[in-house]
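Data block for entry18.cif (mmCIF, C-alpha atoms):
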data_entry
#
loop_
_atom_site.group_PDB
_atom_site.id
_atom_site.type_symbol
_atom_site.label_atom_id
_atom_site.label_comp_id
_atom_site.auth_asym_id
_atom_site.auth_seq_id
_atom_site.Cartn_x
_atom_site.Cartn_y
_atom_site.Cartn_z
ATOM 1 C CA MET J 147 290.449 87.975 126.214
ATOM 2 C CA ILE J 148 294.058 86.889 125.918
ATOM 3 C CA ASN J 149 295.322 83.686 127.486
ATOM 4 C CA PHE J 150 299.002 83.475 128.282
ATOM 5 C CA GLU J 151 300.837 80.546 129.807
ATOM 6 C CA MET J 152 303.844 80.842 132.085
ATOM 7 C CA THR J 153 305.444 78.833 134.836
ATOM 8 C CA LYS J 154 304.665 79.600 138.449
ATOM 9 C CA ASP J 155 308.209 80.916 138.879
ATOM 10 C CA GLU J 156 307.699 83.278 135.936
ATOM 11 C CA ALA J 157 304.358 84.394 137.352
ATOM 12 C CA LEU J 158 305.896 85.070 140.762
ATOM 13 C CA PHE J 159 308.691 87.043 139.119
ATOM 14 C CA LEU J 160 306.162 89.076 137.141
ATOM 15 C CA LEU J 161 304.121 89.635 140.300
ATOM 16 C CA GLY J 162 307.200 91.046 142.020
ATOM 17 C CA GLU J 163 307.992 93.334 139.092
ATOM 18 C CA LEU J 164 304.410 94.601 138.870
ATOM 19 C CA THR J 165 304.443 95.258 142.598
ATOM 20 C CA LYS J 166 307.614 97.339 142.260
ATOM 21 C CA GLU J 167 306.097 99.262 139.361
ATOM 22 C CA ARG J 168 302.946 99.898 141.387
ATOM 23 C CA LYS J 169 305.061 101.499 144.115
ATOM 24 C CA HIS J 170 306.771 103.752 141.551
ATOM 25 C CA VAL J 171 303.420 104.796 140.116
ATOM 26 C CA GLU J 172 302.116 105.582 143.613
ATOM 27 C CA ILE J 173 305.111 107.868 144.184
ATOM 28 C CA GLU J 174 304.590 109.490 140.794
ATOM 29 C CA LEU J 175 300.940 110.145 141.653
ATOM 30 C CA VAL J 176 301.857 111.828 144.936
ATOM 31 C CA HIS J 177 304.430 114.085 143.272
ATOM 32 C CA THR J 178 302.331 115.125 140.274
ATOM 33 C CA ASP J 179 300.750 118.570 140.430
ATOM 34 C CA LYS J 180 298.614 118.636 137.286
ATOM 35 C CA ARG J 181 295.089 117.329 137.802
ATOM 36 C CA SER J 182 294.839 115.861 134.294
ATOM 37 C CA MET J 183 298.031 113.892 134.796
ATOM 38 C CA GLN J 184 296.896 112.763 138.248
ATOM 39 C CA ALA J 185 293.748 111.282 136.743
ATOM 40 C CA ASP J 186 295.754 109.349 134.139
ATOM 41 C CA ILE J 187 298.260 108.123 136.718
ATOM 42 C CA ALA J 188 295.454 107.085 139.081
ATOM 43 C CA LYS J 189 293.901 105.080 136.243
ATOM 44 C CA ASP J 190 297.236 103.356 135.598
ATOM 45 C CA LEU J 191 297.558 102.605 139.307
ATOM 46 C CA LYS J 192 294.120 100.960 139.390
ATOM 47 C CA ARG J 193 295.084 98.789 136.402
ATOM 48 C CA LEU J 194 298.319 97.726 138.080
ATOM 49 C CA GLU J 195 296.493 96.927 141.316
ATOM 50 C CA SER J 196 293.991 94.801 139.422
ATOM 51 C CA LEU J 197 296.757 92.917 137.621
ATOM 52 C CA VAL J 198 298.661 92.333 140.869
ATOM 53 C CA GLU J 199 295.537 90.992 142.584
ATOM 54 C CA ARG J 200 294.629 88.690 139.694
ATOM 55 C CA LEU J 201 298.162 87.372 139.346
ATOM 56 C CA ALA J 202 298.410 86.808 143.096
ATOM 57 C CA ARG J 203 295.190 84.763 142.987
ATOM 58 C CA ALA J 204 296.436 82.782 140.003
ATOM 59 C CA THR J 205 299.671 81.903 141.779
ATOM 60 C CA GLY J 206 297.952 81.121 145.062
ATOM 61 C CA THR J 207 299.845 83.836 146.925
ATOM 62 C CA ALA J 208 298.647 86.807 148.902
ATOM 63 C CA ALA J 209 298.684 90.100 147.035
ATOM 64 C CA PRO J 210 301.573 92.228 148.331
ATOM 65 C CA ALA J 211 300.516 94.987 150.713
ATOM 66 C CA GLU J 212 299.865 98.382 149.195
#
Translate the structure of the given file into structure tokens.
Amino acid sequence: MINFEMTKDEALFLLGELTKERKHVEIELVHTDKRSMQADIAKDLKRLESLVERLARATGTAAPAE
């Protein structure tokens, strides 16, 4: 486990950036033809979604819509 401190403003900024990245990864998943790559991208997407949800909880904000 890694603990990392940041201000709420920094956390909200990071939440926004992770949300943008999640959208890019979703688009990448839709446009990828190879099954092996789709599996890897889907795994990355799940990780990003988990991080977004946890960071949203930590900041007391609602997780951005998918």
Residues near Gly162 (chain J), cut-off 12 Å, only C-alpha atoms, skip fewer than 6 positions along chain, as a ChimeraX atom specification: /J:155-156,168-169,194,197-199,201-202,205,207-211
Env of Leu175 (chain J): 8 Å cut, atoms = all atoms listed in the file, seq-sep filter 6 positions within chain, self excluded. Answer as a list in words.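 That gives Gln184, Ile187 and Ala188 of chain J.
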What is the CA of Leu164 (chain J)-CA of Arg193 (chain J) distance in Å, reported with one decimal?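 For CA of Leu164 (chain J) relative to CA of Arg193 (chain J), the distance reads 10.5 Å.
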If you measure from CA of Glu163 (chain J) to CA of Met183 (chain J), what distance in Å do you get, rounded to one decimal?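 Separation of CA of Glu163 (chain J) and CA of Met183 (chain J): 23.2 Å.
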For CA of Thr165 (chain J) and CA of His177 (chain J), determine how far apart the two atoms are, in Å to one decimal place. 18.8 Å
Selected residue, from J:Leu158, J:Met152, J:Asp190, J:Met147, that lies nearest to Arg203 (chain J) when counting all atoms listed in the file: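 Distance minimum relative to Arg203 (chain J) lands on J:Leu158.
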Since the input is missing atoms for region 159-173 of chain J, could you rebuild it with N, CA and C atoms and give the result as a short mmCIF file (atom, residue, chain, number, x, y, z; two decimals), keeping the file's coordinate frame?
data_model
loop_
_atom_site.label_atom_id
_atom_site.label_comp_id
_atom_site.auth_asym_id
_atom_site.auth_seq_id
_atom_site.Cartn_x
_atom_site.Cartn_y
_atom_site.Cartn_z
N PHE J 159 307.76 85.99 139.52
CA PHE J 159 308.69 87.04 139.12
C PHE J 159 307.92 88.25 138.59
N LEU J 160 306.97 88.00 137.71
CA LEU J 160 306.16 89.08 137.14
C LEU J 160 305.37 89.79 138.23
N LEU J 161 304.84 89.04 139.18
CA LEU J 161 304.12 89.64 140.30
C LEU J 161 305.03 90.59 141.08
N GLY J 162 306.25 90.18 141.33
CA GLY J 162 307.20 91.05 142.02
C GLY J 162 307.51 92.31 141.24
N GLU J 163 307.69 92.17 139.94
CA GLU J 163 307.99 93.33 139.09
C GLU J 163 306.81 94.29 139.02
N LEU J 164 305.60 93.75 138.90
CA LEU J 164 304.41 94.60 138.87
C LEU J 164 304.21 95.32 140.20
N THR J 165 304.54 94.64 141.28
CA THR J 165 304.44 95.26 142.60
C THR J 165 305.42 96.42 142.73
N LYS J 166 306.63 96.24 142.24
CA LYS J 166 307.61 97.34 142.26
C LYS J 166 307.14 98.52 141.41
N GLU J 167 306.59 98.21 140.25
CA GLU J 167 306.10 99.26 139.36
C GLU J 167 304.94 100.00 140.01
N ARG J 168 304.07 99.27 140.70
CA ARG J 168 302.95 99.90 141.39
C ARG J 168 303.46 100.92 142.41
N LYS J 169 304.50 100.57 143.13
CA LYS J 169 305.06 101.50 144.12
C LYS J 169 305.61 102.75 143.44
N HIS J 170 306.26 102.59 142.29
CA HIS J 170 306.77 103.75 141.55
C HIS J 170 305.63 104.64 141.07
N VAL J 171 304.56 104.02 140.60
CA VAL J 171 303.42 104.80 140.12
C VAL J 171 302.74 105.53 141.27
N GLU J 172 302.67 104.90 142.44
CA GLU J 172 302.12 105.58 143.61
C GLU J 172 302.92 106.84 143.95
N ILE J 173 304.24 106.72 143.90
CA ILE J 173 305.11 107.87 144.18
C ILE J 173 304.91 108.95 143.13
#
